[in-house]
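Working notes for the structure below.
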Amino acid sequence: MTKLKKNFRALPLVALSLLVLGGAAALAQRQLRSAAPSGRPVVKVSLSGTVLREQTRLPIEKATTVNPGEILDWTITSENDGNAAAHDYKTIGQIPKGTMLVAGSTTADGSANVAYSIDNGKTFSAQPTIEEKQADGSTKQVPAPVSMYTQIRYEWADPLTEGGKLQASYKVRVK
């Protein structure tokens, strides 16, 4: 593999890190603005990732390249260091171009609902759908293939309590 190709393949990892942290930070900031005057949540969000290589989990920052077919396992950790609960807390994970969500790989602590976007975060649904043309010329809504997913949103029904910590994770396969 040439050096140019190595650098290009590593680029989605950097982009994913920035997009996930940027989206999660924006959601956390909304939580701060809606806090009661007596207390204030301060949610710190971090992203960590690993790649399974040669039967070993390698931290993503030590992987200089990723190869087609490899699985990247991402974990978003949210910690409330403030003095009030963060209500209606949400965080978003990005699925960068060049990767595809591994179906059934999303997990989260607590009472999280998981929704997916196929339109770069404009809308989210537990089961995104697309129109499919039928043999008779009509169209019908069918489940979108996982390969179309662009983001994952985790939304907790219970507040992120003062001093609390939540984790959400998902896996993507490099195309």
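Just remember, in the structure tokens the first chain shown is A, the second B, etc., residues are 1-based per chain, and ligands are 1-based in the order shown.
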Item to check | Residues within 7 Å of Pro128 in chain A, only C-alpha atoms, excluding chain neighbours under 6 positions, as a VMD selection string | outcome: chain A and resid 116 to 118 143 to 144
How would the residues just chosen look if you wrote them out with N, CA and C atoms as a PDB file, in the first residue's frame?
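See result27.pdb below for the written result:
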```pdb
ATOM      1  N   TYR A 116     -31.660   6.261  13.820  1.00  0.00           N
ATOM      2  CA  TYR A 116     -30.675   6.334  12.743  1.00  0.00           C
ATOM      3  C   TYR A 116     -31.098   7.384  11.731  1.00  0.00           C
ATOM      4  N   SER A 117     -30.097   7.954  11.067  1.00  0.00           N
ATOM      5  CA  SER A 117     -30.356   8.920  10.005  1.00  0.00           C
ATOM      6  C   SER A 117     -29.776   8.380   8.703  1.00  0.00           C
ATOM      7  N   ILE A 118     -30.485   8.645   7.613  1.00  0.00           N
ATOM      8  CA  ILE A 118     -29.969   8.327   6.279  1.00  0.00           C
ATOM      9  C   ILE A 118     -29.804   9.601   5.452  1.00  0.00           C
ATOM     10  N   PRO A 143     -37.768  -0.735   4.495  1.00  0.00           N
ATOM     11  CA  PRO A 143     -36.621  -0.392   5.347  1.00  0.00           C
ATOM     12  C   PRO A 143     -35.394  -0.033   4.513  1.00  0.00           C
ATOM     13  N   ALA A 144     -34.726   1.038   4.906  1.00  0.00           N
ATOM     14  CA  ALA A 144     -33.492   1.456   4.221  1.00  0.00           C
ATOM     15  C   ALA A 144     -32.388   0.461   4.561  1.00  0.00           C
TER      16      ALA A 144
END
```
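Taking CA of Glu132 in chain A as the reference point, CA of Pro96 in chain A is found at 24.8 Å.
Put simply, CA of Ala126 in chain A is 21.7 Å away from CA of Ser78 in chain A.
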